[in-house]
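Containing PDB, C-alpha atoms and all ligand atoms: coords.pdb.
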ATOM      1  CA  MET A   1      85.446 118.305  95.543
ATOM      2  CA  LEU A   2      87.540 115.308  96.476
ATOM      3  CA  SER A   3      90.711 115.546  94.416
ATOM      4  CA  TYR A   4      93.207 115.364  97.300
ATOM      5  CA  ARG A   5      95.021 112.030  97.575
ATOM      6  CA  HIS A   6      97.289 111.662 100.576
ATOM      7  CA  ALA A   7      99.416 109.037  98.791
ATOM      8  CA  PHE A   8     101.303 111.879  97.040
ATOM      9  CA  HIS A   9     102.443 113.218 100.398
ATOM     10  CA  ALA A  10     102.805 110.077 102.518
ATOM     11  CA  GLY A  11     105.804 110.216 104.839
ATOM     12  CA  ASN A  12     106.702 113.834 104.089
ATOM     13  CA  HIS A  13     107.865 116.335 106.748
ATOM     14  CA  ALA A  14     104.260 117.097 107.697
ATOM     15  CA  ASP A  15     103.490 113.398 108.263
ATOM     16  CA  VAL A  16     106.626 113.096 110.386
ATOM     17  CA  LEU A  17     105.434 115.865 112.708
ATOM     18  CA  LYS A  18     101.801 114.671 112.778
ATOM     19  CA  HIS A  19     102.462 110.965 113.257
ATOM     20  CA  SER A  20     105.318 111.280 115.744
ATOM     21  CA  VAL A  21     103.213 113.549 117.985
ATOM     22  CA  LEU A  22     100.159 111.303 117.519
ATOM     23  CA  ILE A  23     102.106 108.244 118.669
ATOM     24  CA  GLU A  24     103.513 110.132 121.649
ATOM     25  CA  LEU A  25     100.006 111.218 122.704
ATOM     26  CA  LEU A  26      98.592 107.694 122.340
ATOM     27  CA  ASP A  27     101.508 106.185 124.267
ATOM     28  CA  TYR A  28     100.688 108.587 127.064
ATOM     29  CA  LEU A  29      97.004 107.544 127.057
ATOM     30  CA  ASN A  30      98.169 103.920 127.320
ATOM     31  CA  GLN A  31      99.708 104.663 130.702
ATOM     32  CA  LYS A  32      96.226 104.377 132.269
ATOM     33  CA  ASP A  33      94.431 101.018 132.139
ATOM     34  CA  LYS A  34      91.094 102.518 131.127
ATOM     35  CA  PRO A  35      90.226 102.003 127.413
ATOM     36  CA  TYR A  36      89.783 104.899 125.004
ATOM     37  CA  TRP A  37      88.648 105.636 121.467
ATOM     38  CA  TYR A  38      90.853 106.894 118.661
ATOM     39  CA  ILE A  39      88.684 108.963 116.309
ATOM     40  CA  ASP A  40      90.121 109.952 112.913
ATOM     41  CA  THR A  41      87.754 112.299 111.036
ATOM     42  CA  HIS A  42      89.816 112.282 107.795
ATOM     43  CA  ALA A  43      91.541 108.927 107.920
ATOM     44  CA  GLY A  44      92.995 108.516 104.404
ATOM     45  CA  ALA A  45      93.953 105.078 103.081
ATOM     46  CA  GLY A  46      95.595 103.825 106.279
ATOM     47  CA  ALA A  47      98.901 102.809 104.669
ATOM     48  CA  TYR A  48     100.844 103.747 101.558
ATOM     49  CA  ALA A  49     103.339 102.113  99.198
ATOM     50  CA  LEU A  50     106.416 104.319  98.807
ATOM     51  CA  ASP A  51     107.981 102.407  95.936
ATOM     52  CA  GLU A  52     105.085 102.536  93.460
ATOM     53  CA  GLY A  53     102.181 104.743  92.395
ATOM     54  CA  TYR A  54     101.495 108.265  93.621
ATOM     55  CA  ALA A  55     104.160 108.359  96.359
ATOM     56  CA  THR A  56     106.944 107.993  93.797
ATOM     57  CA  LYS A  57     105.773 111.038  91.814
ATOM     58  CA  ASN A  58     107.544 113.694  93.889
ATOM     59  CA  ALA A  59     109.033 111.269  96.439
ATOM     60  CA  GLU A  60     108.026 113.645  99.236
ATOM     61  CA  PHE A  61     108.844 110.931 101.784
ATOM     62  CA  ALA A  62     112.540 111.390 100.952
ATOM     63  CA  GLY A  63     112.409 114.799 102.671
ATOM     64  CA  GLY A  64     110.509 113.364 105.652
ATOM     65  CA  ILE A  65     110.759 109.816 106.989
ATOM     66  CA  GLY A  66     113.587 109.200 104.487
ATOM     67  CA  ARG A  67     115.821 111.602 106.408
ATOM     68  CA  LEU A  68     115.229 109.862 109.752
ATOM     69  CA  TRP A  69     115.139 106.253 108.605
ATOM     70  CA  GLN A  70     118.853 105.460 108.881
ATOM     71  CA  ARG A  71     119.744 107.726 111.785
ATOM     72  CA  ASP A  72     121.062 106.278 115.007
ATOM     73  CA  ASP A  73     120.859 109.486 117.070
ATOM     74  CA  LEU A  74     117.072 110.000 117.155
ATOM     75  CA  PRO A  75     115.631 111.584 120.326
ATOM     76  CA  GLU A  76     113.384 109.040 122.102
ATOM     77  CA  PRO A  77     109.875 109.933 120.853
ATOM     78  CA  LEU A  78     111.201 110.092 117.274
ATOM     79  CA  ALA A  79     112.955 106.748 117.713
ATOM     80  CA  ARG A  80     109.608 105.306 118.814
ATOM     81  CA  TYR A  81     107.889 106.783 115.716
ATOM     82  CA  VAL A  82     110.505 105.272 113.384
ATOM     83  CA  GLU A  83     110.026 101.950 115.208
ATOM     84  CA  VAL A  84     106.300 102.088 114.319
ATOM     85  CA  VAL A  85     107.202 102.720 110.653
ATOM     86  CA  ARG A  86     109.676  99.803 110.853
ATOM     87  CA  GLU A  87     106.826  97.442 111.787
ATOM     88  CA  LEU A  88     105.633  97.828 108.184
ATOM     89  CA  ASN A  89     109.133  97.400 106.780
ATOM     90  CA  PRO A  90     110.552  94.390 108.579
ATOM     91  CA  ASP A  91     113.305  93.816 106.009
ATOM     92  CA  GLY A  92     114.788  97.260 106.752
ATOM     93  CA  ARG A  93     113.967  98.753 103.333
ATOM     94  CA  LEU A  94     111.642 101.744 103.528
ATOM     95  CA  ARG A  95     108.840 100.703 101.154
ATOM     96  CA  HIS A  96     105.646 101.182 103.135
ATOM     97  CA  TYR A  97     104.396 104.052 105.245
ATOM     98  CA  PRO A  98     101.641 103.910 107.893
ATOM     99  CA  GLY A  99      98.967 106.590 107.756
ATOM    100  CA  SER A 100      97.444 107.895 110.967
ATOM    101  CA  PRO A 101      94.978 104.954 111.399
ATOM    102  CA  MET A 102      97.763 102.397 111.007
ATOM    103  CA  CYS A 103     100.040 104.293 113.421
ATOM    104  CA  ALA A 104      97.180 104.284 115.926
ATOM    105  CA  ALA A 105      96.339 100.610 115.326
ATOM    106  CA  GLN A 106      99.902  99.690 116.271
ATOM    107  CA  VAL A 107      99.767 101.640 119.530
ATOM    108  CA  LEU A 108      96.204 100.954 120.713
ATOM    109  CA  ARG A 109      95.514  98.037 123.046
ATOM    110  CA  ASP A 110      92.908  95.247 122.725
ATOM    111  CA  ALA A 111      90.202  97.119 124.607
ATOM    112  CA  ASP A 112      90.708 100.432 122.757
ATOM    113  CA  ARG A 113      88.702 101.264 119.629
ATOM    114  CA  LEU A 114      89.309 103.030 116.316
ATOM    115  CA  ARG A 115      86.522 105.046 114.674
ATOM    116  CA  LEU A 116      87.694 105.992 111.174
ATOM    117  CA  PHE A 117      85.957 108.275 108.663
ATOM    118  CA  GLU A 118      87.074 108.627 105.057
ATOM    119  CA  LEU A 119      84.872 110.108 102.348
ATOM    120  CA  HIS A 120      86.872 109.347  99.194
ATOM    121  CA  PRO A 121      85.596 106.027  97.729
ATOM    122  CA  THR A 122      89.038 104.830  96.602
ATOM    123  CA  ASP A 123      90.786 105.669  99.867
ATOM    124  CA  ASN A 124      87.851 104.300 101.833
ATOM    125  CA  LYS A 125      88.235 100.974 100.042
ATOM    126  CA  LEU A 126      91.987 100.959 100.694
ATOM    127  CA  LEU A 127      91.328 101.812 104.328
ATOM    128  CA  ASN A 128      88.989  98.830 104.532
ATOM    129  CA  ASP A 129      91.627  96.629 102.884
ATOM    130  CA  ASN A 130      94.252  97.830 105.361
ATOM    131  CA  LEU A 131      92.267  97.948 108.591
ATOM    132  CA  GLY A 132      88.900  96.319 107.954
ATOM    133  CA  GLN A 133      90.051  93.029 109.506
ATOM    134  CA  ASP A 134      91.099  94.730 112.742
ATOM    135  CA  ARG A 135      88.206  93.917 115.078
ATOM    136  CA  ARG A 136      88.862  97.098 117.072
ATOM    137  CA  SER A 137      88.130  99.348 114.101
ATOM    138  CA  LYS A 138      84.920 100.654 112.588
ATOM    139  CA  ILE A 139      85.239 102.383 109.219
ATOM    140  CA  GLU A 140      82.628 104.670 107.676
ATOM    141  CA  GLN A 141      82.494 106.474 104.365
ATOM    142  CA  SER A 142      81.017 109.684 105.698
ATOM    143  CA  ASP A 143      81.810 113.341 106.278
ATOM    144  CA  GLY A 144      84.249 113.506 109.179
ATOM    145  CA  PHE A 145      82.931 116.780 110.600
ATOM    146  CA  THR A 146      79.332 115.557 110.749
ATOM    147  CA  ALA A 147      80.426 112.170 112.067
ATOM    148  CA  LEU A 148      82.422 113.769 114.873
ATOM    149  CA  LYS A 149      79.256 115.260 116.356
ATOM    150  CA  ALA A 150      77.604 111.848 116.299
ATOM    151  CA  VAL A 151      80.404 109.979 118.085
ATOM    152  CA  LEU A 152      80.977 112.468 120.910
ATOM    153  CA  PRO A 153      81.022 111.902 123.787
ATOM    154  CA  PRO A 154      82.542 108.441 123.292
ATOM    155  CA  PRO A 155      81.209 105.683 125.587
ATOM    156  CA  PRO A 156      84.482 105.193 127.527
ATOM    157  CA  ARG A 157      84.693 108.969 128.144
ATOM    158  CA  ARG A 158      88.312 108.906 126.999
ATOM    159  CA  ALA A 159      89.380 109.667 123.442
ATOM    160  CA  LEU A 160      91.888 111.200 121.124
ATOM    161  CA  VAL A 161      90.412 112.908 118.067
ATOM    162  CA  LEU A 162      92.580 113.606 115.014
ATOM    163  CA  ILE A 163      91.178 116.194 112.598
ATOM    164  CA  ASP A 164      93.233 116.187 109.421
ATOM    165  CA  PRO A 165      91.273 117.605 106.469
ATOM    166  CA  PRO A 166      92.855 118.317 103.071
ATOM    167  CA  TYR A 167      91.910 122.058 103.121
ATOM    168  CA  GLU A 168      91.356 121.897  99.349
ATOM    169  CA  ASP A 169      88.062 123.591 100.150
ATOM    170  CA  LYS A 170      88.674 126.947 101.877
ATOM    171  CA  LYS A 171      85.632 126.278 104.066
ATOM    172  CA  ASP A 172      87.679 123.655 105.936
ATOM    173  CA  TYR A 173      89.487 126.449 107.827
ATOM    174  CA  GLN A 174      86.204 127.501 109.432
ATOM    175  CA  ARG A 175      84.799 123.972 109.664
ATOM    176  CA  VAL A 176      87.684 122.862 111.876
ATOM    177  CA  VAL A 177      87.075 125.752 114.274
ATOM    178  CA  ASP A 178      83.334 125.009 114.376
ATOM    179  CA  GLY A 179      84.038 121.286 114.720
ATOM    180  CA  LEU A 180      86.323 121.818 117.682
ATOM    181  CA  GLN A 181      83.914 124.202 119.389
ATOM    182  CA  GLU A 182      81.080 121.743 118.906
ATOM    183  CA  GLY A 183      83.261 118.805 119.972
ATOM    184  CA  LEU A 184      84.326 120.564 123.156
ATOM    185  CA  LYS A 185      80.695 121.247 124.064
ATOM    186  CA  ARG A 186      79.931 117.532 123.843
ATOM    187  CA  PHE A 187      83.208 116.226 125.233
ATOM    188  CA  ALA A 188      85.336 118.810 127.007
ATOM    189  CA  THR A 189      87.972 116.434 128.360
ATOM    190  CA  GLY A 190      88.981 114.833 125.056
ATOM    191  CA  VAL A 191      92.403 115.213 123.504
ATOM    192  CA  TYR A 192      92.001 116.904 120.108
ATOM    193  CA  VAL A 193      94.755 117.166 117.493
ATOM    194  CA  LEU A 194      94.199 119.429 114.524
ATOM    195  CA  TRP A 195      96.661 119.386 111.635
ATOM    196  CA  TYR A 196      97.086 122.372 109.315
ATOM    197  CA  PRO A 197      99.424 123.303 106.431
ATOM    198  CA  GLN A 198     101.676 126.364 106.571
ATOM    199  CA  LEU A 199     100.650 128.235 103.422
ATOM    200  CA  GLN A 200     100.732 131.897 102.528
ATOM    201  CA  ARG A 201      97.005 132.259 103.056
ATOM    202  CA  LEU A 202      95.066 134.597 105.253
ATOM    203  CA  GLU A 203      92.734 131.741 106.208
ATOM    204  CA  VAL A 204      95.542 129.920 108.043
ATOM    205  CA  ARG A 205      96.353 132.976 110.186
ATOM    206  CA  GLN A 206      92.663 133.639 110.887
ATOM    207  CA  MET A 207      92.054 130.014 111.847
ATOM    208  CA  LEU A 208      94.932 130.043 114.341
ATOM    209  CA  ASP A 209      93.765 133.354 115.833
ATOM    210  CA  LYS A 210      90.328 131.849 116.456
ATOM    211  CA  LEU A 211      91.705 128.597 117.874
ATOM    212  CA  LYS A 212      93.922 130.446 120.344
ATOM    213  CA  LEU A 213      90.843 132.132 121.810
ATOM    214  CA  LEU A 214      89.220 128.808 122.740
ATOM    215  CA  PRO A 215      88.812 128.632 126.541
ATOM    216  CA  VAL A 216      90.849 125.420 126.865
ATOM    217  CA  LYS A 217      94.410 124.258 127.474
ATOM    218  CA  TRP A 218      96.165 124.122 124.143
ATOM    219  CA  LEU A 219      99.593 123.599 122.677
ATOM    220  CA  HIS A 220     100.565 124.834 119.238
ATOM    221  CA  VAL A 221     103.528 123.255 117.487
ATOM    222  CA  ALA A 222     104.697 124.099 113.979
ATOM    223  CA  LEU A 223     107.643 122.973 111.898
ATOM    224  CA  THR A 224     108.711 125.147 108.984
ATOM    225  CA  VAL A 225     111.146 123.414 106.636
ATOM    226  CA  GLU A 226     111.896 126.245 104.186
ATOM    227  CA  ARG A 227     111.347 129.906 103.414
ATOM    228  CA  PRO A 228     107.937 130.632 101.876
ATOM    229  CA  SER A 229     108.244 130.701  98.076
ATOM    230  CA  VAL A 230     108.328 134.059  96.285
ATOM    231  CA  ASP A 231     105.395 133.106  94.060
ATOM    232  CA  GLY A 232     103.277 132.561  97.183
ATOM    233  CA  PHE A 233     102.451 128.934  96.373
ATOM    234  CA  GLY A 234     103.311 125.679  98.110
ATOM    235  CA  MET A 235     103.457 124.395 101.648
ATOM    236  CA  HIS A 236     106.559 125.434 103.581
ATOM    237  CA  GLY A 237     105.719 123.611 106.790
ATOM    238  CA  SER A 238     102.872 122.396 108.926
ATOM    239  CA  GLY A 239     101.481 122.655 112.408
ATOM    240  CA  LEU A 240      99.387 120.916 115.015
ATOM    241  CA  PHE A 241      96.965 122.594 117.379
ATOM    242  CA  ILE A 242      96.512 120.235 120.324
ATOM    243  CA  ILE A 243      93.745 120.643 122.905
ATOM    244  CA  ASN A 244      94.186 119.087 126.357
ATOM    245  CA  PRO A 245      97.791 117.954 125.786
ATOM    246  CA  HIS A 246      99.417 116.017 128.602
ATOM    247  CA  TRP A 247     101.727 117.988 130.842
ATOM    248  CA  LEU A 248     104.979 116.438 129.590
ATOM    249  CA  LEU A 249     104.387 117.104 125.901
ATOM    250  CA  ARG A 250     105.671 120.649 125.724
ATOM    251  CA  ASP A 251     109.073 119.804 127.201
ATOM    252  CA  SER A 252     109.333 116.678 125.114
ATOM    253  CA  LEU A 253     108.666 118.649 121.907
ATOM    254  CA  ALA A 254     111.133 121.326 122.970
ATOM    255  CA  ARG A 255     113.798 118.590 122.971
ATOM    256  CA  GLN A 256     112.784 117.080 119.600
ATOM    257  CA  LEU A 257     112.078 120.146 117.480
ATOM    258  CA  PRO A 258     115.653 121.457 117.120
ATOM    259  CA  TYR A 259     116.581 117.977 115.861
ATOM    260  CA  LEU A 260     113.728 117.980 113.331
ATOM    261  CA  VAL A 261     114.676 121.463 112.117
ATOM    262  CA  LYS A 262     118.243 120.258 111.584
ATOM    263  CA  GLN A 263     117.307 117.007 109.832
ATOM    264  CA  LEU A 264     114.303 118.158 107.799
ATOM    265  CA  GLY A 265     115.177 121.830 107.207
ATOM    266  CA  LEU A 266     115.886 122.758 103.586
ATOM    267  CA  ASP A 267     117.192 126.312 103.967
ATOM    268  CA  ASN A 268     117.715 129.031 106.562
ATOM    269  CA  GLY A 269     113.956 129.563 106.814
ATOM    270  CA  ALA A 270     113.680 126.271 108.738
ATOM    271  CA  ARG A 271     112.474 126.801 112.301
ATOM    272  CA  PHE A 272     109.873 125.732 114.827
ATOM    273  CA  VAL A 273     107.125 127.301 116.911
ATOM    274  CA  LEU A 274     106.076 125.953 120.295
ATOM    275  CA  GLU A 275     103.502 127.894 122.275
ATOM    276  CA  THR A 276     100.870 127.174 124.894
ATOM    277  CA  SER A 277      97.596 128.663 126.111
ATOM    278  CA  PRO A 278      98.024 131.757 128.325
ATOM    279  CA  GLU A 279      97.393 130.008 131.667
ATOM    280  CA  ASP A 280     100.252 127.585 130.970
ATOM    281  CA  LYS A 281     102.894 130.264 130.450
TER     282      LYS A 281
HETATM  283  N1  LIG B   1      94.913 111.416 108.425
HETATM  284  C1  LIG B   1      95.597 110.789 107.313
HETATM  285  C2  LIG B   1      96.995 110.418 107.757
HETATM  286  O1  LIG B   1      97.593 111.148 108.560
HETATM  287  O2  LIG B   1      97.491 109.371 107.297
HETATM  288  C3  LIG B   1      95.670 111.671 106.113
HETATM  289  C4  LIG B   1      94.382 112.292 105.721
HETATM  290  S1  LIG B   1      94.432 113.316 104.310
HETATM  291  C5  LIG B   1      95.294 114.721 104.833
HETATM  292  C6  LIG B   1      92.774 113.897 104.248
HETATM  293  C7  LIG B   1      91.762 112.827 103.850
HETATM  294  O3  LIG B   1      90.450 113.342 104.076
HETATM  295  C8  LIG B   1      91.797 112.421 102.379
HETATM  296  O4  LIG B   1      91.997 111.033 102.303
HETATM  297  C9  LIG B   1      90.420 112.824 101.832
HETATM  298  O5  LIG B   1      89.920 111.908 100.873
HETATM  299  C10 LIG B   1      89.586 112.817 103.074
HETATM  300  N2  LIG B   1      88.402 113.687 103.084
HETATM  301  C11 LIG B   1      88.193 114.846 102.406
HETATM  302  N3  LIG B   1      87.065 115.428 102.825
HETATM  303  C12 LIG B   1      86.537 114.621 103.778
HETATM  304  C13 LIG B   1      85.400 114.703 104.616
HETATM  305  N4  LIG B   1      84.542 115.736 104.538
HETATM  306  N5  LIG B   1      85.185 113.714 105.518
HETATM  307  C14 LIG B   1      86.031 112.659 105.614
HETATM  308  N6  LIG B   1      87.119 112.528 104.842
HETATM  309  C15 LIG B   1      87.383 113.498 103.948
END

Represent the supplied structure as structure tokens.
Ligand code: SAM
Amino acid sequence: MLSYRHAFHAGNHADVLKHSVLIELLDYLNQKDKPYWYIDTHAGAGAYALDEGYATKNAEFAGGIGRLWQRDDLPEPLARYVEVVRELNPDGRLRHYPGSPMCAAQVLRDADRLRLFELHPTDNKLLNDNLGQDRRSKIEQSDGFTALKAVLPPPPRRALVLIDPPYEDKKDYQRVVDGLQEGLKRFATGVYVLWYPQLQRLEVRQMLDKLKLLPVKWLHVALTVERPSVDGFGMHGSGLFIINPHWLLRDSLARQLPYLVKQLGLDNGARFVLETSPEDK
């Protein structure tokens, strides 16, 4: 079952949260000279056109990056994220959006490496078109969960792993927990970022309950943009479960999240969650 296409959602509120935090984490890794790997288990197409094709269907980007694009009062990490999006839009018109691999490619240094996994044949081809020429990247059309086991631990013993499945298959909620447990056994010191959608589903709650029991340092951040719908369908926000976050991230997010709630919130259900593992409280 591979019907999910990220192009429909590129640049929406969930991408804003995911990609701004991703860039902040990678910038932090860059503070040390030692190279690292960026591993993206569900990489998508790498970059998306916003003015044609799928992205124009519901124009989800208008409620995400579109609301930050023209602002001149962005808190610093969000200003940095918009700067990365600007690299793809040098004429100032918002027409292209970088997916997670392209965000990472802009932040990584010469000696760092990208390991990108994308199973969908069409998106895998687009990913190759977008990043195949980058000599730092290696792209594979394989299952991201299985591939993760094979690449850990990474040779430089430093890495950030993004796990961003579509969750169109309910089994993904358990596979991410198993994948993280397995990953931590092989590479306990890695930085892991798991994205999830806020949906009215028991599986989301159960997944978070299991993740919070992992014996690691974690940070959970979620951005809700609207009240859950009465019919029980649709995504009303998203979250990131981050393992081994750097020590400044919590305070930095605490400064940015009220701004994101104000700019991206659609009704009085808009809010954020920021919580850390018990030993950090
Ligand atoms: N990480 C991307 C970003 O932030 O720009 C978006 C990824 S999108 C949410 C999920 C992607 O996973 C889709 O492109 C889908 O085709 C792909 N996919 C689905 N199942 C997969 C699997 N088992 N292994 C690798 N990729 C998969």

Would you pick out the contacts of A:Gly183 at 9 Å or less, using all atoms listed in the file, so that residues sharing its chain but fewer than 4 positions from it are not included, and give the list as number ranges by chain? A: 148-149, 152-153, 178-179, 187-188, 190, 192

Within 6 Å of stretch 37-40 of chain A using all atoms listed in the file, minus same-chain residues under 6 positions, as a list of chain:residue names: A:Asp112, A:Arg113, A:Leu114, A:Arg115, A:Leu116, A:Ala159, A:Leu160, A:Val161, A:Leu162

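Put simply, the PyMOL selection byres (((chain A and resi 142) around 8) and not hetatm) in this file takes in Phe117, Glu118, Leu119, Glu140, Gln141, Asp143, Gly144, Thr146 and Ala147 of chain A.
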
List the neighbours of stretch 53-55 of chain A out to 6 Å using all atoms listed in the file; skip same-chain residues closer than 2 positions along the sequence, and give me the result as a PyMOL selection string. chain A and resi 7-8+50+57+59

Restricting the output to C-alpha atoms, write the selected residues as a short mmCIF file (atom, residue, chain, number, x, y, z; two decimals), in the frame of the given file.
data_model
loop_
_atom_site.label_atom_id
_atom_site.label_comp_id
_atom_site.auth_asym_id
_atom_site.auth_seq_id
_atom_site.Cartn_x
_atom_site.Cartn_y
_atom_site.Cartn_z
CA ALA A 7 99.42 109.04 98.79
CA PHE A 8 101.30 111.88 97.04
CA LEU A 50 106.42 104.32 98.81
CA LYS A 57 105.77 111.04 91.81
CA ALA A 59 109.03 111.27 96.44
#

Near stretch 64-68 of chain A, 12 Å: stretch 180-274 of chain A residue rows, closest pairs, all atoms listed in the file, as CSV:
residue,atom,partner,partner_atom,distance
A:Leu223,CA,A:Gly64,CA,11.8
A:Val225,CA,A:Gly64,CA,10.1
A:Gly237,CA,A:Gly64,CA,11.4
A:Tyr259,CA,A:Leu68,CA,10.2
A:Leu260,CA,A:Leu68,CA,9.0
A:Val261,CA,A:Gly64,CA,11.2
A:Lys262,CA,A:Arg67,CA,10.4
A:Gln263,CA,A:Arg67,CA,6.6
A:Leu264,CA,A:Gly64,CA,6.5
A:Gly265,CA,A:Gly64,CA,9.8
A:Leu266,CA,A:Gly64,CA,11.0

Residues selected by the PyMOL selection byres (((not hetatm)) within 9 of (chain B and resi 1)), written as a PyMOL selection string: chain A and resi 1-7+9-11+14-15+18-19+40-48+97-103+116-124+140-147+162-169+172+195

Would you give the centre and edge lengths, in Å to one decimal, of a box along x, y and z around the listed atoms of stretch 99-112 of chain A, with 3 Å added to each side, as lines of an AutoDock Vina configuration file?
center_x = 95.1
center_y = 101.6
center_z = 116.2
size_x = 15.8
size_y = 18.6
size_z = 22.9

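Using only C-alpha atoms, the smallest distance between any of A:Leu208, A:Leu249, A:Val177, A:Val82 and A:Tyr28 comes from A:Leu249.
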
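Counting from atom CA of A:Gly234, the distance to atom CA of A:Val176 is 21.0 Å.
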
List the residues sitting within 10 Å of (103.8, 123.6, 121.0) in the file's frame, using only C-alpha atoms, as a PyMOL selection string. chain A and resi 218-223+239-242+245+249-254+257+272-277

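What separates atom CA of A:Gln106 from atom CA of A:Lys32 is a distance of 17.1 Å.
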
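The closest residue to A:Leu248, picked from A:Glu226, A:Pro77, A:Pro215, A:Tyr36 and counting all atoms listed in the file, is A:Pro77.
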
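Distances to A:Leu214 were evaluated for A:Leu127, A:Leu184, A:Leu29, A:Leu94 using all atoms listed in the file, and the minimum falls at A:Leu184.
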
Between A:Leu199, A:Leu126, A:Ala104, A:Ile243, which residue has the minimum interatomic distance to A:Ala49, considering only C-alpha atoms? A:Leu126

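One distance worth recording is that between atom CA of A:Arg227 and atom CA of A:Arg175, which is 27.9 Å.
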
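In terms of minimum interatomic distance to A:Met235, A:Glu60 ranks closest within A:Glu52, A:Glu60, A:Glu182, A:Asp33, counting only C-alpha atoms.
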
From the options A:Lys125, A:Asn130, A:Phe233, A:Leu108, which residue's atoms come nearest to A:Leu88, counting all atoms listed in the file? A:Asn130

Since the input lacks some atoms of stretch 66-82 of chain A, please model N, CA and C atoms and print them as a CSV table (one decimal), in the frame of the given file.
chain,number,residue,atom,x,y,z
A,66,GLY,N,112.3,109.6,105.1
A,66,GLY,CA,113.6,109.2,104.5
A,66,GLY,C,114.8,109.8,105.2
A,67,ARG,N,114.7,111.0,105.8
A,67,ARG,CA,115.8,111.6,106.4
A,67,ARG,C,116.1,111.1,107.8
A,68,LEU,N,115.1,110.4,108.4
A,68,LEU,CA,115.2,109.9,109.8
A,68,LEU,C,115.5,108.4,109.8
A,69,TRP,N,115.2,107.7,108.7
A,69,TRP,CA,115.1,106.3,108.6
A,69,TRP,C,116.4,105.6,109.0
A,70,GLN,N,117.6,106.1,108.6
A,70,GLN,CA,118.9,105.5,108.9
A,70,GLN,C,119.6,106.1,110.1
A,71,ARG,N,119.0,107.0,110.7
A,71,ARG,CA,119.7,107.7,111.8
A,71,ARG,C,119.8,106.9,113.1
A,72,ASP,N,120.9,107.0,113.7
A,72,ASP,CA,121.1,106.3,115.0
A,72,ASP,C,121.1,107.2,116.2
A,73,ASP,N,120.8,108.5,116.0
A,73,ASP,CA,120.9,109.5,117.1
A,73,ASP,C,119.5,110.2,117.3
A,74,LEU,N,118.4,109.4,117.0
A,74,LEU,CA,117.1,110.0,117.2
A,74,LEU,C,116.7,110.2,118.6
A,75,PRO,N,116.2,111.4,119.0
A,75,PRO,CA,115.6,111.6,120.3
A,75,PRO,C,114.5,110.6,120.6
A,76,GLU,N,114.3,110.2,121.8
A,76,GLU,CA,113.4,109.0,122.1
A,76,GLU,C,112.0,109.0,121.4
A,77,PRO,N,111.2,110.1,121.5
A,77,PRO,CA,109.9,109.9,120.9
A,77,PRO,C,110.0,109.7,119.3
A,78,LEU,N,111.0,110.3,118.7
A,78,LEU,CA,111.2,110.1,117.3
A,78,LEU,C,111.7,108.7,117.0
A,79,ALA,N,112.5,108.1,117.9
A,79,ALA,CA,113.0,106.7,117.7
A,79,ALA,C,111.7,105.8,117.8
A,80,ARG,N,110.8,106.1,118.7
A,80,ARG,CA,109.6,105.3,118.8
A,80,ARG,C,108.8,105.4,117.5
A,81,TYR,N,108.6,106.6,117.0
A,81,TYR,CA,107.9,106.8,115.7
A,81,TYR,C,108.5,106.0,114.6
A,82,VAL,N,109.8,106.0,114.5
A,82,VAL,CA,110.5,105.3,113.4
A,82,VAL,C,110.3,103.8,113.6
